[in-house]
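Peer 1: For reference, this is coords14.tsv, and it has TSV, C-alpha atoms.
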```
chain	number	residue	atom	x	y	z
U	711	MET	CA	94.65	99.13	94.93
U	712	SER	CA	92.64	101.10	97.45
U	713	ILE	CA	89.04	102.05	98.11
U	714	PHE	CA	87.38	105.19	99.35
U	715	ASP	CA	83.88	105.13	100.78
U	716	GLY	CA	82.45	107.99	98.76
U	717	ASP	CA	79.14	109.84	98.75
U	718	HIS	CA	76.07	107.66	99.28
U	719	ARG	CA	78.34	104.76	100.30
U	720	THR	CA	79.52	104.18	96.75
U	721	PRO	CA	83.03	102.68	96.67
U	722	ILE	CA	85.61	104.67	94.72
U	723	TRP	CA	88.47	102.52	93.42
U	724	GLY	CA	92.07	103.53	92.84
U	725	GLY	CA	95.31	102.03	91.56
U	726	TRP	CA	98.80	103.06	92.62
U	727	ILE	CA	101.90	104.13	90.73
U	728	THR	CA	105.21	103.45	92.49
U	729	GLY	CA	107.73	104.44	89.81
U	730	PRO	CA	108.10	106.82	86.87
U	731	THR	CA	105.87	105.82	83.94
U	732	LEU	CA	104.29	107.50	80.96
U	733	LEU	CA	101.31	105.25	80.34
U	734	GLY	CA	100.45	103.84	83.78
U	735	PRO	CA	98.00	106.54	84.90
U	736	GLU	CA	96.25	106.56	81.53
U	737	GLU	CA	95.90	102.77	81.66
U	738	PHE	CA	94.25	103.00	85.08
U	739	ALA	CA	91.78	105.48	83.62
U	740	ARG	CA	91.13	103.23	80.62
U	741	ALA	CA	90.54	100.28	82.95
U	742	GLY	CA	87.82	102.21	84.78
U	743	TYR	CA	89.53	103.22	88.00
U	744	ASP	CA	88.20	106.37	89.68
U	745	TYR	CA	91.58	107.73	90.71
U	746	VAL	CA	95.28	107.02	90.45
U	747	GLY	CA	97.60	107.28	93.43
U	748	PHE	CA	101.25	108.33	93.24
U	749	ASP	CA	103.25	106.82	96.07
U	750	ALA	CA	105.97	109.16	97.33
U	751	GLN	CA	106.23	107.19	100.58
U	752	HIS	CA	107.09	103.65	99.51
U	753	GLY	CA	107.51	104.25	95.78
U	754	TYR	CA	110.43	105.56	93.72
U	755	LEU	CA	108.92	108.89	92.69
U	756	ASP	CA	110.26	112.38	93.23
U	757	ASP	CA	108.51	115.73	92.87
U	758	ALA	CA	109.48	116.09	89.23
U	759	ASP	CA	108.16	112.63	88.35
U	760	ILE	CA	104.83	113.36	90.00
U	761	ALA	CA	104.53	116.81	88.42
U	762	ARG	CA	105.18	115.38	84.94
U	763	MET	CA	102.58	112.65	85.32
U	764	LEU	CA	100.00	115.03	86.78
U	765	ARG	CA	100.53	117.36	83.85
U	766	ARG	CA	100.28	114.52	81.32
U	767	ILE	CA	96.88	113.37	82.61
U	768	GLU	CA	95.46	116.85	83.19
U	769	HIS	CA	92.63	116.16	80.73
U	770	VAL	CA	92.25	112.44	81.47
U	771	PRO	CA	89.02	111.70	83.39
U	772	ILE	CA	90.61	110.33	86.56
U	773	GLY	CA	91.27	111.77	90.00
U	774	THR	CA	94.80	112.05	91.39
U	775	VAL	CA	96.08	111.32	94.89
U	776	VAL	CA	99.63	111.63	96.22
U	777	ARG	CA	100.77	109.75	99.32
U	778	LEU	CA	103.51	111.46	101.33
U	779	PRO	CA	105.45	110.07	104.31
U	780	ASN	CA	104.64	112.83	106.81
U	781	ALA	CA	103.12	116.26	107.31
U	782	ASP	CA	106.16	118.29	106.23
U	783	ALA	CA	104.78	121.39	104.56
U	784	ALA	CA	107.16	121.80	101.61
U	785	PRO	CA	106.55	118.43	99.85
U	786	ILE	CA	102.79	118.74	100.41
U	787	GLY	CA	102.83	122.25	98.94
U	788	ARG	CA	104.80	121.13	95.90
U	789	VAL	CA	102.41	118.35	94.89
U	790	ALA	CA	99.45	120.66	95.54
U	791	ASP	CA	101.08	123.27	93.29
U	792	ALA	CA	101.52	120.56	90.64
U	793	GLY	CA	97.77	119.94	90.61
U	794	ALA	CA	97.13	116.90	92.84
U	795	ASP	CA	93.47	116.49	93.75
U	796	ALA	CA	94.27	114.98	97.15
U	797	VAL	CA	97.11	114.10	99.49
U	798	VAL	CA	97.26	111.13	101.83
U	799	ILE	CA	99.63	111.78	104.71
U	800	ALA	CA	101.13	108.66	106.28
U	801	MET	CA	101.64	107.83	109.95
U	802	ILE	CA	99.28	110.44	111.41
U	803	GLU	CA	98.97	109.74	115.14
U	804	SER	CA	97.59	112.99	116.57
U	805	ALA	CA	95.28	115.89	115.86
U	806	ASP	CA	98.30	118.22	115.74
U	807	GLN	CA	99.87	116.19	112.93
U	808	ALA	CA	96.59	116.10	111.01
U	809	ALA	CA	96.18	119.85	111.47
U	810	ALA	CA	99.72	120.41	110.18
U	811	ALA	CA	98.89	118.44	107.03
U	812	VAL	CA	95.78	120.56	106.41
U	813	ALA	CA	97.73	123.77	107.09
U	814	ALA	CA	100.26	122.80	104.41
U	815	THR	CA	97.48	123.00	101.79
U	816	ARG	CA	95.99	126.30	103.03
U	817	TYR	CA	97.30	129.83	102.62
U	818	PRO	CA	97.63	132.27	105.53
U	819	PRO	CA	95.90	133.00	107.80
U	820	ALA	CA	94.33	129.51	107.70
U	821	GLY	CA	97.60	127.73	106.95
U	822	ILE	CA	101.24	128.03	105.95
U	823	ARG	CA	101.19	127.21	102.23
U	824	SER	CA	103.27	129.41	99.95
U	825	PHE	CA	101.68	130.60	96.70
U	826	GLY	CA	103.11	129.05	93.54
U	827	PRO	CA	100.79	127.07	91.23
U	828	LEU	CA	102.81	125.31	88.53
U	829	ARG	CA	100.12	125.03	85.83
U	830	ALA	CA	98.31	127.91	84.19
U	831	SER	CA	95.11	125.87	84.14
U	832	LEU	CA	95.04	125.85	87.94
U	833	GLY	CA	94.39	129.59	87.96
U	834	HIS	CA	95.51	132.12	90.53
U	835	ASP	CA	92.60	132.26	92.97
U	836	PRO	CA	93.91	131.20	96.41
U	837	ALA	CA	90.46	130.07	97.59
U	838	ALA	CA	90.00	127.86	94.53
U	839	LEU	CA	93.49	126.42	94.86
U	840	GLU	CA	92.83	125.57	98.50
U	841	SER	CA	89.45	124.01	97.87
U	842	ARG	CA	90.66	121.65	95.12
U	843	VAL	CA	93.06	119.74	97.42
U	844	SER	CA	91.55	117.19	99.81
U	845	VAL	CA	93.61	116.04	102.80
U	846	PHE	CA	93.43	112.50	104.17
U	847	ALA	CA	95.09	111.39	107.40
U	848	MET	CA	96.52	107.90	107.18
U	849	ILE	CA	95.60	105.90	110.29
U	850	GLU	CA	97.98	102.97	110.60
U	851	THR	CA	99.15	102.65	114.20
U	852	ALA	CA	97.65	101.60	117.49
U	853	ALA	CA	98.67	105.02	118.86
U	854	ALA	CA	96.45	106.73	116.29
U	855	LEU	CA	93.45	104.76	117.48
U	856	SER	CA	93.62	106.39	120.91
U	857	GLY	CA	93.36	109.86	119.37
U	858	LEU	CA	90.84	109.02	116.68
U	859	SER	CA	88.06	111.37	117.78
U	860	GLN	CA	90.47	114.31	118.06
U	861	ILE	CA	91.92	113.59	114.61
U	862	CYS	CA	88.43	113.42	113.10
U	863	ALA	CA	87.63	116.82	114.61
U	864	VAL	CA	90.44	118.61	112.74
U	865	GLU	CA	88.92	121.35	110.60
U	866	GLY	CA	89.56	120.95	106.90
U	867	LEU	CA	90.33	117.23	107.00
U	868	ALA	CA	88.54	115.37	104.19
U	869	GLY	CA	88.87	111.86	105.55
U	870	LEU	CA	90.80	108.97	107.03
U	871	TYR	CA	92.81	106.42	105.07
U	872	ILE	CA	93.66	103.10	106.67
U	873	GLY	CA	96.99	101.34	106.23
U	874	PRO	CA	96.14	97.79	107.34
U	875	ALA	CA	99.68	96.34	107.20
U	876	ASP	CA	101.30	98.92	109.49
U	877	LEU	CA	98.20	98.94	111.67
U	878	ALA	CA	98.56	95.17	112.10
U	879	ILE	CA	102.27	95.41	112.93
U	880	SER	CA	101.61	98.06	115.57
U	881	MET	CA	99.05	95.72	117.11
U	882	GLY	CA	101.46	92.76	117.15
U	883	VAL	CA	99.77	91.01	114.22
U	884	ASP	CA	101.36	89.57	111.07
U	885	PRO	CA	100.83	92.10	108.24
U	886	VAL	CA	100.22	89.29	105.73
U	887	GLY	CA	96.48	88.81	105.60
U	888	ALA	CA	95.97	91.64	108.08
U	889	THR	CA	92.45	92.37	106.88
U	890	GLN	CA	91.39	88.86	107.89
U	891	HIS	CA	92.57	89.11	111.51
U	892	PRO	CA	89.67	89.78	113.92
U	893	ASP	CA	91.56	92.38	116.00
U	894	VAL	CA	92.62	94.32	112.91
U	895	LEU	CA	89.12	94.06	111.46
U	896	ASP	CA	87.70	95.48	114.69
U	897	ALA	CA	90.15	98.40	114.45
U	898	ILE	CA	89.23	98.98	110.79
U	899	LYS	CA	85.54	99.04	111.69
U	900	ARG	CA	86.28	101.48	114.51
U	901	ILE	CA	88.12	103.84	112.17
U	902	HIS	CA	85.40	103.60	109.54
U	903	ARG	CA	82.71	104.31	112.12
U	904	ALA	CA	84.60	107.30	113.53
U	905	ALA	CA	84.99	108.78	110.05
U	906	ALA	CA	81.31	108.28	109.24
U	907	GLU	CA	80.19	109.88	112.50
U	908	ALA	CA	82.41	112.89	111.78
U	909	GLY	CA	81.09	113.22	108.23
U	910	LEU	CA	84.45	112.24	106.73
U	911	VAL	CA	85.31	109.94	103.85
U	912	SER	CA	87.10	106.72	104.77
U	913	GLY	CA	89.48	104.70	102.63
U	914	ILE	CA	91.75	101.69	102.89
U	915	HIS	CA	94.74	100.18	101.11
U	916	ALA	CA	94.20	96.70	99.66
U	917	GLY	CA	96.97	94.48	98.37
U	918	ASN	CA	94.84	92.37	96.04
U	919	GLY	CA	91.38	92.06	94.52
U	920	LYS	CA	90.02	89.70	97.14
U	921	ALA	CA	90.99	92.02	100.01
U	922	GLY	CA	89.61	94.97	98.08
U	923	ARG	CA	86.24	93.34	97.57
U	924	THR	CA	86.08	92.32	101.23
U	925	MET	CA	86.90	95.81	102.45
U	926	ALA	CA	84.43	97.42	100.03
```
Spell out the structure here as structure tokens.

Peer 2:
Amino acid sequence: MSIFDGDHRTPIWGGWITGPTLLGPEEFARAGYDYVGFDAQHGYLDDADIARMLRRIEHVPIGTVVRLPNADAAPIGRVADAGADAVVIAMIESADQAAAAVAATRYPPAGIRSFGPLRASLGHDPAALESRVSVFAMIETAAALSGLSQICAVEGLAGLYIGPADLAISMGVDPVGATQHPDVLDAIKRIHRAAAEAGLVSGIHAGNGKAGRTMA
């Protein structure tokens, strides 16, 4: 599961899909989750799997997020064309990488996205297609902490998303129970504070309900 700190400090809860499934996203919606995440970083999903599931839940009242391993433009563009509401880009360590992720969702001259929506319901207005995709930079290394203010200043970035396990490893801490370690907790608070000061949404991955409640 994961949590975003939404408007008015209201937690927004999500569950993650790691493999092809027909009913998983609908079950998350039925259970009351706010969004469903499709993991193209650690999961076993390809573009076609994600596009099929996004199309299937087009009229289901749940948001959709796709996590991708890096800021490569083509995969980001494909999931945006398939109708994802947001992308979370892993291992962002610099403002340049965050800017590249944003550029992949924007058409020229603001970005480098190629036009090609895959669903008729998405329409053909470039401005509308750009505005419907939120971009989150995943902060999960000690190196990213040093460039936090510059990352937060990237125009078009919607928020920061914390990966506590990788963050812990980069800090020399055991990833098991990372959210209970004081050094990792201090880093999480620092990231959350930086996002809030920049007017960005912050989110975090949580491996179980207890960690999720603590982070919320």

Peer 1: Taking (95.2, 125.5, 98.7) as a centre in this file's frame and 8 Å as the limit, can you find every polymer residue with an atom that close, using all atoms listed in the file, and give them as a list in words?

Peer 2: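 Checked against the point, the hits come out as Ala790, Thr815, Arg816, Tyr817, Arg823, Pro836, Ala837, Ala838, Leu839, Glu840, Ser841, Arg842 and Val843 of chain U.
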
Peer 1: To one decimal place in Å, what is the distance between CA of Pro721 in chain U and CA of Ser844 in chain U?

Peer 2: 17.1 Å

Peer 1: Nearest residue to Gly734 in chain U out of U:Val776, U:Ile767, U:Thr851, U:Gln751, using all atoms listed in the file?

Peer 2: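 Using all atoms listed in the file, Gly734 in chain U sits closest to U:Ile767.
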
Peer 1: So which residues touch Ile713 in chain U within 8 Å, counting all atoms listed in the file, skipping near sequence neighbours fewer than 3 positions away, as a PyMOL selection string?

Peer 2: chain U and resi 721-724+913-916+922+925-926

Peer 1: Go ahead and save the picked residues with C-alpha atoms, as a short mmCIF file (atom, residue, chain, number, x, y, z; two decimals), in the coordinates of the input.

Peer 2:
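Below is the file that was written, selection_10.cif:
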```
data_model
loop_
_atom_site.label_atom_id
_atom_site.label_comp_id
_atom_site.auth_asym_id
_atom_site.auth_seq_id
_atom_site.Cartn_x
_atom_site.Cartn_y
_atom_site.Cartn_z
CA PRO U 721 83.03 102.68 96.67
CA ILE U 722 85.61 104.67 94.72
CA TRP U 723 88.47 102.52 93.42
CA GLY U 724 92.07 103.53 92.84
CA GLY U 913 89.48 104.70 102.63
CA ILE U 914 91.75 101.69 102.89
CA HIS U 915 94.74 100.18 101.11
CA ALA U 916 94.20 96.70 99.66
CA GLY U 922 89.61 94.97 98.08
CA MET U 925 86.90 95.81 102.45
CA ALA U 926 84.43 97.42 100.03
#
```

Peer 1: Neighbours of Lys899 in chain U within 12 Å (only C-alpha atoms; same-chain residues fewer than 2 positions away dropped), as a PyMOL selection string?

Peer 2: chain U and resi 855+872+874+889+892-897+901-906+912-914+925-926

Peer 1: Have a look at U:Ile727, U:Ala781, U:Met801, U:Ala820 and name the one nearest to Asp759 in chain U; count all atoms listed in the file.

Peer 2: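 Ranking U:Ile727, U:Ala781, U:Met801, U:Ala820 by distance to Asp759 in chain U, first place goes to U:Ile727.
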
Peer 1: Using all atoms listed in the file, which protein or nucleic acid residues come within 7 Å of range 824-827 of chain U? Drop anything in the same chain fewer than 3 positions from it, and give the result as a PyMOL selection string.

Peer 2: chain U and resi 791-792+817+832

Peer 1: For Val886 in chain U, which residue among U:Ala852, U:Ala921, U:Ala794, U:Cys862 is the nearest when counting all atoms listed in the file?

Peer 2: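 Going through U:Ala852, U:Ala921, U:Ala794, U:Cys862 one by one, the smallest distance to Val886 in chain U is for U:Ala921.
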
Peer 1: For Pro771 in chain U, which residue among U:Ala783, U:Phe714, U:Tyr743, U:Val883 is the nearest when counting only C-alpha atoms?

Peer 2: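 Nearest to Pro771 in chain U: U:Tyr743.
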
Peer 1: With all atoms listed in the file as the atoms that count, which of U:Ile822, U:Leu828, U:Ala813, U:Ala908 lies nearest to Gly866 in chain U?

Peer 2: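 Counting all atoms listed in the file, the residue closest to Gly866 in chain U is U:Ala813.
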
Peer 1: With distances taken over all atoms listed in the file, which residue among U:Gly729, U:Gly821, U:Gly909, U:Gly882 lies nearest Ala863 in chain U?

Peer 2: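 Looking at the shortest contact to Ala863 in chain U, the residue is U:Gly909.
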
Peer 1: Between CA of Gly887 in chain U and CA of Val746 in chain U, what is the distance, to one decimal in Å?

Peer 2: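 Calculated distance between CA of Gly887 in chain U and CA of Val746 in chain U is 23.7 Å.
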
Peer 1: Rounded to one decimal, what separation in Å do you get between CA of Gly753 in chain U and CA of His769 in chain U?

Peer 2: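 Between these atoms lies a distance of 24.3 Å.
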
Peer 1: Would you fill out range 739-775 of chain U with N, CA and C atoms and return it as a PDB file, in the coordinates of the input?

Peer 2:
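So out-v7.pdb came out as:
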```pdb
ATOM      1  N   ALA U 739      93.007 104.798  84.058  1.00  0.00           N
ATOM      2  CA  ALA U 739      91.780 105.480  83.620  1.00  0.00           C
ATOM      3  C   ALA U 739      91.031 104.634  82.608  1.00  0.00           C
ATOM      4  N   ARG U 740      91.756 104.052  81.662  1.00  0.00           N
ATOM      5  CA  ARG U 740      91.130 103.230  80.620  1.00  0.00           C
ATOM      6  C   ARG U 740      90.487 101.979  81.214  1.00  0.00           C
ATOM      7  N   ALA U 741      91.067 101.484  82.310  1.00  0.00           N
ATOM      8  CA  ALA U 741      90.540 100.280  82.950  1.00  0.00           C
ATOM      9  C   ALA U 741      89.317 100.570  83.815  1.00  0.00           C
ATOM     10  N   GLY U 742      89.023 101.856  84.030  1.00  0.00           N
ATOM     11  CA  GLY U 742      87.820 102.210  84.780  1.00  0.00           C
ATOM     12  C   GLY U 742      88.033 102.617  86.210  1.00  0.00           C
ATOM     13  N   TYR U 743      89.273 102.761  86.629  1.00  0.00           N
ATOM     14  CA  TYR U 743      89.530 103.220  88.000  1.00  0.00           C
ATOM     15  C   TYR U 743      89.064 104.664  88.161  1.00  0.00           C
ATOM     16  N   ASP U 744      88.679 105.019  89.395  1.00  0.00           N
ATOM     17  CA  ASP U 744      88.200 106.370  89.680  1.00  0.00           C
ATOM     18  C   ASP U 744      89.345 107.346  89.926  1.00  0.00           C
ATOM     19  N   TYR U 745      90.433 106.851  90.469  1.00  0.00           N
ATOM     20  CA  TYR U 745      91.580 107.730  90.710  1.00  0.00           C
ATOM     21  C   TYR U 745      92.862 106.922  90.611  1.00  0.00           C
ATOM     22  N   VAL U 746      93.962 107.635  90.452  1.00  0.00           N
ATOM     23  CA  VAL U 746      95.280 107.020  90.450  1.00  0.00           C
ATOM     24  C   VAL U 746      96.087 107.652  91.569  1.00  0.00           C
ATOM     25  N   GLY U 747      96.772 106.796  92.339  1.00  0.00           N
ATOM     26  CA  GLY U 747      97.600 107.280  93.430  1.00  0.00           C
ATOM     27  C   GLY U 747      99.066 107.238  93.048  1.00  0.00           C
ATOM     28  N   PHE U 748      99.802 108.259  93.469  1.00  0.00           N
ATOM     29  CA  PHE U 748     101.250 108.330  93.240  1.00  0.00           C
ATOM     30  C   PHE U 748     101.925 108.201  94.600  1.00  0.00           C
ATOM     31  N   ASP U 749     102.719 107.152  94.755  1.00  0.00           N
ATOM     32  CA  ASP U 749     103.250 106.820  96.070  1.00  0.00           C
ATOM     33  C   ASP U 749     104.640 107.416  96.272  1.00  0.00           C
ATOM     34  N   ALA U 750     104.691 108.522  97.010  1.00  0.00           N
ATOM     35  CA  ALA U 750     105.970 109.160  97.330  1.00  0.00           C
ATOM     36  C   ALA U 750     106.441 108.754  98.727  1.00  0.00           C
ATOM     37  N   GLN U 751     105.785 107.743  99.303  1.00  0.00           N
ATOM     38  CA  GLN U 751     106.230 107.190 100.580  1.00  0.00           C
ATOM     39  C   GLN U 751     107.041 105.918 100.345  1.00  0.00           C
ATOM     40  N   HIS U 752     106.405 104.916  99.753  1.00  0.00           N
ATOM     41  CA  HIS U 752     107.090 103.650  99.510  1.00  0.00           C
ATOM     42  C   HIS U 752     107.553 103.493  98.064  1.00  0.00           C
ATOM     43  N   GLY U 753     107.128 104.369  97.181  1.00  0.00           N
ATOM     44  CA  GLY U 753     107.510 104.250  95.780  1.00  0.00           C
ATOM     45  C   GLY U 753     108.812 104.966  95.470  1.00  0.00           C
ATOM     46  N   TYR U 754     109.188 104.937  94.187  1.00  0.00           N
ATOM     47  CA  TYR U 754     110.430 105.560  93.720  1.00  0.00           C
ATOM     48  C   TYR U 754     110.082 106.746  92.832  1.00  0.00           C
ATOM     49  N   LEU U 755     109.367 107.699  93.406  1.00  0.00           N
ATOM     50  CA  LEU U 755     108.920 108.890  92.690  1.00  0.00           C
ATOM     51  C   LEU U 755     109.422 110.134  93.405  1.00  0.00           C
ATOM     52  N   ASP U 756     109.921 111.098  92.638  1.00  0.00           N
ATOM     53  CA  ASP U 756     110.260 112.380  93.230  1.00  0.00           C
ATOM     54  C   ASP U 756     109.268 113.443  92.750  1.00  0.00           C
ATOM     55  N   ASP U 757     109.442 114.662  93.218  1.00  0.00           N
ATOM     56  CA  ASP U 757     108.510 115.730  92.870  1.00  0.00           C
ATOM     57  C   ASP U 757     108.378 115.919  91.364  1.00  0.00           C
ATOM     58  N   ALA U 758     109.504 115.860  90.678  1.00  0.00           N
ATOM     59  CA  ALA U 758     109.480 116.090  89.230  1.00  0.00           C
ATOM     60  C   ALA U 758     108.711 114.985  88.510  1.00  0.00           C
ATOM     61  N   ASP U 759     108.908 113.738  88.942  1.00  0.00           N
ATOM     62  CA  ASP U 759     108.160 112.630  88.350  1.00  0.00           C
ATOM     63  C   ASP U 759     106.662 112.836  88.503  1.00  0.00           C
ATOM     64  N   ILE U 760     106.253 113.182  89.728  1.00  0.00           N
ATOM     65  CA  ILE U 760     104.830 113.360  90.000  1.00  0.00           C
ATOM     66  C   ILE U 760     104.261 114.526  89.211  1.00  0.00           C
ATOM     67  N   ALA U 761     105.001 115.633  89.162  1.00  0.00           N
ATOM     68  CA  ALA U 761     104.530 116.810  88.420  1.00  0.00           C
ATOM     69  C   ALA U 761     104.349 116.494  86.943  1.00  0.00           C
ATOM     70  N   ARG U 762     105.285 115.733  86.370  1.00  0.00           N
ATOM     71  CA  ARG U 762     105.180 115.380  84.940  1.00  0.00           C
ATOM     72  C   ARG U 762     103.952 114.512  84.683  1.00  0.00           C
ATOM     73  N   MET U 763     103.723 113.540  85.543  1.00  0.00           N
ATOM     74  CA  MET U 763     102.580 112.650  85.320  1.00  0.00           C
ATOM     75  C   MET U 763     101.258 113.374  85.559  1.00  0.00           C
ATOM     76  N   LEU U 764     101.214 114.247  86.555  1.00  0.00           N
ATOM     77  CA  LEU U 764     100.000 115.030  86.780  1.00  0.00           C
ATOM     78  C   LEU U 764      99.693 115.912  85.577  1.00  0.00           C
ATOM     79  N   ARG U 765     100.730 116.497  85.016  1.00  0.00           N
ATOM     80  CA  ARG U 765     100.530 117.360  83.850  1.00  0.00           C
ATOM     81  C   ARG U 765     100.073 116.542  82.651  1.00  0.00           C
ATOM     82  N   ARG U 766     100.617 115.350  82.485  1.00  0.00           N
ATOM     83  CA  ARG U 766     100.280 114.520  81.320  1.00  0.00           C
ATOM     84  C   ARG U 766      98.814 114.093  81.344  1.00  0.00           C
ATOM     85  N   ILE U 767      98.265 113.865  82.533  1.00  0.00           N
ATOM     86  CA  ILE U 767      96.880 113.370  82.610  1.00  0.00           C
ATOM     87  C   ILE U 767      95.905 114.474  83.018  1.00  0.00           C
ATOM     88  N   GLU U 768      96.307 115.709  82.804  1.00  0.00           N
ATOM     89  CA  GLU U 768      95.460 116.850  83.190  1.00  0.00           C
ATOM     90  C   GLU U 768      94.053 116.729  82.611  1.00  0.00           C
ATOM     91  N   HIS U 769      93.936 116.236  81.387  1.00  0.00           N
ATOM     92  CA  HIS U 769      92.630 116.160  80.730  1.00  0.00           C
ATOM     93  C   HIS U 769      92.102 114.723  80.645  1.00  0.00           C
ATOM     94  N   VAL U 770      92.729 113.827  81.393  1.00  0.00           N
ATOM     95  CA  VAL U 770      92.250 112.440  81.470  1.00  0.00           C
ATOM     96  C   VAL U 770      91.225 112.370  82.603  1.00  0.00           C
ATOM     97  N   PRO U 771      90.077 111.722  82.383  1.00  0.00           N
ATOM     98  CA  PRO U 771      89.020 111.700  83.390  1.00  0.00           C
ATOM     99  C   PRO U 771      89.316 110.739  84.546  1.00  0.00           C
ATOM    100  N   ILE U 772      90.255 111.137  85.390  1.00  0.00           N
ATOM    101  CA  ILE U 772      90.610 110.330  86.560  1.00  0.00           C
ATOM    102  C   ILE U 772      91.141 111.255  87.645  1.00  0.00           C
ATOM    103  N   GLY U 773      90.769 110.979  88.892  1.00  0.00           N
ATOM    104  CA  GLY U 773      91.270 111.770  90.000  1.00  0.00           C
ATOM    105  C   GLY U 773      92.708 111.411  90.317  1.00  0.00           C
ATOM    106  N   THR U 774      93.389 112.281  91.059  1.00  0.00           N
ATOM    107  CA  THR U 774      94.800 112.050  91.390  1.00  0.00           C
ATOM    108  C   THR U 774      95.025 112.240  92.891  1.00  0.00           C
ATOM    109  N   VAL U 775      95.766 111.304  93.463  1.00  0.00           N
ATOM    110  CA  VAL U 775      96.080 111.320  94.890  1.00  0.00           C
ATOM    111  C   VAL U 775      97.586 111.103  95.038  1.00  0.00           C
TER     112      VAL U 775
END
```
